[in-house]
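Following: one structure in structure tokens, then a few remarks.
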There are 2 protein chains.
Amino acid sequence: MMDDQSNRIDHDPEREDDPYELTRRAVAQIIHAVDQGDREQLLAEMAPLHAADIADLLEQVTAFDRRRLLKLLGGGFDGDILSELDESIREEVIQLLHPDVLAEAVRDLDSDDVVDLVEDLGDAQQAAILGALEHNDRVAIQQSLTYPEQSAGRLMQREVVMAPEHWNVGEAIDYLRNSDDLPEQFYHIVLVDPRLKPVGNVTLGRLMASRREVLLKSLVEEILHVIPATQDEGDVAYAFNQYHLISAPVVDEDGRLVGVITIDDAMAVLDEEHEDDYLKLAGVGDTSLTDKVLVTARGRFPWLMINLVTANIAASVISQFEATIQQIVLLAILMPIVASMGGNAGTQSLAVAVRALATRDLTSSNAMRVIRREALVGLLNGLAFGVIMGTVVALWFGEPLIGAVIATALLLTLIGAAVGGVVIPLTLERMGVDPAVASGPFVTTITDIVGFFVFLGIATLVLI
Amino acid sequence: MMDDQSNRIDHDPEREDDPYELTRRAVAQIIHAVDQGDREQLLAEMAPLHAADIADLLEQVTAFDRRRLLKLLGGGFDGDILSELDESIREEVIQLLHPDVLAEAVRDLDSDDVVDLVEDLGDAQQAAILGALEHNDRVAIQQSLTYPEQSAGRLMQREVVMAPEHWNVGEAIDYLRNSDDLPEQFYHIVLVDPRLKPVGNVTLGRLMASRREVLLKSLVEEILHVIPATQDEGDVAYAFNQYHLISAPVVDEDGRLVGVITIDDAMAVLDEEHEDDYLKLAGVGDTSLTDKVLVTARGRFPWLMINLVTANIAASVISQFEATIQQIVLLAILMPIVASMGGNAGTQSLAVAVRALATRDLTSSNAMRVIRREALVGLLNGLAFGVIMGTVVALWFGEPLIGAVIATALLLTLIGAAVGGVVIPLTLERMGVDPAVASGPFVTTITDIVGFFVFLGIATLVLI
């Protein structure tokens, strides 16, 4: 059976081009089973799917099919599916589940998954899920919820395997064999002092490879990375990626061990943060394909509104030069080229700066050097494209003077765009604002304004 | 000492706002030690830093300081620093190291790190590093290098802890205690059949918690996710993230176990892929802050060149309407608004589609539905902004007819942009091209062309 599964995942010929895409056929067969009302068939089709794939499936079908599928499925709903579901339809699915089914589904989850599940729910649904838990678990979840959103305290699981620092390997192994409530996955034993302060991590690999009489203390990893419960989850993800952590103890403000964060949770956060930054660069907020049309349209509206305002400012810059354009219409034809090149160059330099800030490669100690570098890059490309475009206008349109104007305008705009692309996110960062909001659209419209002004301004000075 | 380190990382008051940024002071103190030629002091300043932080430090200082620092440091260079260094200066640092120092640094690395290190080096440097390894290790690395670049075979480490499927817990523990060549970190024992085919994963946690006489077979995890050595590393990272894998066995084309990939490597790949996509959206190729100015300028040139060509096409569209603009200059003032709104809306829809393709949320089974959705979103926002901008032009400029023209143009452009933003990446994906190259600049210039044509075309029909 194990073999069949690995075969299914890796060697299905239909998946040759993309081994992990839910195939159209798999989706169709499941919907067919739903159409037929054939529960046996539905279970058979879903059995080989991982909870994450079932969640994807539920997201991809229509709301109508989703309802029918869950109704036919009845009980035996895996709690992990809820954890994997996109927030936009999680609430809908929870409402469709019978309270008993929901309670059973939630009971097997680790505490961090339950926290992740309930934190975005309405009060009634939150109460329903918390009510389904045993007393101790419920108290633990409620405690986690007292930490700020998107903090280490929300991310951690409270199930920690710890041992007093004076134990030896044999004592640790006997303890593990006799406890019946170990977390599903754990990779370290955290050594703690009598006041519950973590003093070291022992990997299970080193534990297993050592004789019973060896002291745990002598096996601890070289560096212990301790995470305060209030730390932002983005910083946690960065630390896991930077220091190749597998799990790290989380402590409260008194330095006492309160939980542990594992790399799979950190990886999910890293993935989310990247996705957010990507969408921000495109001027889109948090969004999902399963959102309703109106929700999506409304979500994109503010960015477009900002853009409309800045575009109108750019237009008003142009209108200052109405008389110039009236005399030389060629300027109106060429001006979008300057603006568009500036927008592009600015977005390039912005994206590099935002990433470098996120990876801590751009810091106060090298900021000035990076700005100078960008100015030089802008100068080089400004010269190159100035010459190219100036030549085109001079030869093709037979307007050498206008060619000289556009060359100068491109040079200045590209230097300004390159420098602005670094200075804007750096300034936002200093002000404590997320530099990723300095999105492409934002920079593009600023460079529009600069480009129109420089080009039409020089043209007016030189040509009129 | 352990405590001091955890304190250093988390509670340094200077780092309050960003716990993980290399402080300007830390950098300054190290450079000061280099200035003084004080090796003792340098070692003392560097001692608390993780290899990843030292690599960051080397990237942030100037080439001049880098050379002096490495010279003063002399021997005892940690191989992990090389692994962490950005490619752009890795080669430079390797050249600065004495061959003996280099050999010693490389010898302690896991095979996957050595592969990552040598794959981008020139032949001479590659030979120097391989020559420093013991025979068995060298052969293993050379074998890994036969796999395609960015494949699972390059990513995996060859050090695998495996056991025959008929062993029990006691046999496994005795085996681990008696082997002196275990990988630095491992989380599973891979069970294999007599032909070395992986049949199951046993987590160390379950192993430790079980009595000696329990069969390993009864402890295997529910799902075994096997990765072919030729699989693309992006798909590997997706699988780790989607299925919350911690480690997964890698097999050759005969299904035999050849290595193992762990989640920290998958996380690094995920991070890189995200970074690539982010930079592509901004029209920047693979880049680094430590690249030389000329390299950077040349790297950004192609995208700007493409943009120059498309901007010229947009300009030639405008020039078709020269006579119209000559008569009504207001059109030249307003036309960038239409283009810019279209570019924005198109980039929004593009970014959402590219991400959804990457996360396999957008598939052949829901593509049509998503396109329809985007068209509706474009329609709604097109109506909204058409009304807003039409009213502004009608009331503010006192030109109701031009107001009607811009309203219609915005409506059509925003619908087109929203649909194009999905259709372009979907088409690229079908053609086997990475949809992430359908960058923001690309879509922006296309929407420029559409916006100018629609706006000026309608204006010519209606007003002239």
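We label chains A, B, ... in the order they appear in the structure tokens, count residues from 1 in each chain, and number ligands from 1 in the order shown.
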
TODO: Considering only C-alpha atoms, return as a PyMOL selection string whatever protein or nucleic-acid residues lie within 9 Å of Thr445 in chain B, sequence-local ones (same chain, fewer than 3 positions apart) excluded.
DONE: (chain A and resi 340) or (chain B and resi 307+310-311+313-314+339+343+440-442+448-450)

Using the selection just defined, write its residues with N, CA and C atoms as an mmCIF file, in the first residue's frame.
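again.cif written:
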```cif
data_model
loop_
_atom_site.group_PDB
_atom_site.id
_atom_site.type_symbol
_atom_site.label_atom_id
_atom_site.label_comp_id
_atom_site.auth_asym_id
_atom_site.auth_seq_id
_atom_site.Cartn_x
_atom_site.Cartn_y
_atom_site.Cartn_z
ATOM 1 N N SER A 340 7.452 55.574 -19.359
ATOM 2 C CA SER A 340 7.447 54.126 -19.234
ATOM 3 C C SER A 340 8.839 53.583 -18.921
ATOM 4 N N ASN B 307 11.281 46.963 -23.087
ATOM 5 C CA ASN B 307 10.333 48.013 -22.765
ATOM 6 C C ASN B 307 10.437 49.178 -23.754
ATOM 7 N N THR B 310 8.538 48.131 -26.901
ATOM 8 C CA THR B 310 7.077 48.163 -26.760
ATOM 9 C C THR B 310 6.584 49.596 -26.549
ATOM 10 N N ALA B 311 7.379 50.410 -25.848
ATOM 11 C CA ALA B 311 6.982 51.813 -25.655
ATOM 12 C C ALA B 311 6.955 52.531 -27.005
ATOM 13 N N ILE B 313 6.273 51.080 -29.829
ATOM 14 C CA ILE B 313 5.049 50.616 -30.503
ATOM 15 C C ILE B 313 3.860 51.437 -29.996
ATOM 16 N N ALA B 314 3.804 51.622 -28.658
ATOM 17 C CA ALA B 314 2.733 52.433 -28.094
ATOM 18 C C ALA B 314 2.764 53.842 -28.692
ATOM 19 N N ALA B 339 -3.880 54.673 -19.917
ATOM 20 C CA ALA B 339 -2.810 53.676 -20.014
ATOM 21 C C ALA B 339 -2.359 53.220 -18.633
ATOM 22 N N GLY B 343 -2.504 49.532 -17.026
ATOM 23 C CA GLY B 343 -1.280 48.853 -16.606
ATOM 24 C C GLY B 343 -1.390 48.331 -15.185
ATOM 25 N N GLY B 440 5.516 42.370 -14.827
ATOM 26 C CA GLY B 440 4.744 43.604 -14.774
ATOM 27 C C GLY B 440 5.034 44.519 -15.960
ATOM 28 N N PRO B 441 6.303 44.835 -16.239
ATOM 29 C CA PRO B 441 6.624 45.736 -17.356
ATOM 30 C C PRO B 441 6.015 45.270 -18.675
ATOM 31 N N PHE B 442 6.049 43.963 -18.909
ATOM 32 C CA PHE B 442 5.519 43.383 -20.134
ATOM 33 C C PHE B 442 4.026 43.704 -20.261
ATOM 34 N N ASP B 448 -0.566 49.697 -22.141
ATOM 35 C CA ASP B 448 -0.343 51.031 -22.702
ATOM 36 C C ASP B 448 -0.883 51.085 -24.130
ATOM 37 N N ILE B 449 -0.459 50.104 -24.924
ATOM 38 C CA ILE B 449 -0.861 50.083 -26.330
ATOM 39 C C ILE B 449 -2.384 50.029 -26.450
ATOM 40 N N VAL B 450 -2.984 49.097 -25.686
ATOM 41 C CA VAL B 450 -4.438 48.943 -25.737
ATOM 42 C C VAL B 450 -5.121 50.234 -25.275
#
```

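Look at Arg107 in chain A: the protein and nucleic acid residues within 8 Å of it, using only C-alpha atoms and passing over chain neighbours fewer than 3 places away, are A:Gly79, A:Ala103, A:Glu104, A:Ala132, A:Leu133.
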
- [ ] Using DSSP on the backbone, list every residue of range 15-183 of chain B that comes out as strand (DSSP E or B), and give them as a list in words.
- [x] Ser151, Gln157, Met162, Ala163, Pro164 and Asn168 of chain B

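Of the listed residues A:Thr230, A:Gln320, A:Ser210, A:Asn241, the one whose atoms come nearest to Gly255 in chain A is A:Thr230, with distances taken using only C-alpha atoms.
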
- [ ] For Asn312 in chain B, work out the shell of residues within 10 Å, counting only C-alpha atoms and skipping chain neighbours fewer than 2 positions away, then give it as a ChimeraX atom specification.
- [x] /A:333-334,336-337,389 /B:306-310,314-318,445,449

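Counting only C-alpha atoms, the residue from B:Thr347, B:Ala229, B:Ser151, B:Leu49 that sits nearest to chain A is B:Thr347.
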
Taking 5 positions as the minimum chain separation for residues in the same chain, which residues sit within 10 Å of Thr62 in chain A when counting only C-alpha atoms? Answer as a PDB file with C-alpha atoms, in the first residue's frame.
```
ATOM      1  CA  LEU A  57      -9.923  20.284  -4.382  1.00  0.00           C
ATOM      2  CA  ARG A  67     -21.821  21.658  -0.429  1.00  0.00           C
ATOM      3  CA  THR A 290     -11.916  31.678  -4.017  1.00  0.00           C
TER       4      THR A 290
ATOM      5  CA  ASN B 366     -10.913  26.014 -13.018  1.00  0.00           C
ATOM      6  CA  ARG B 369     -14.056  30.072 -14.215  1.00  0.00           C
TER       7      ARG B 369
END
```
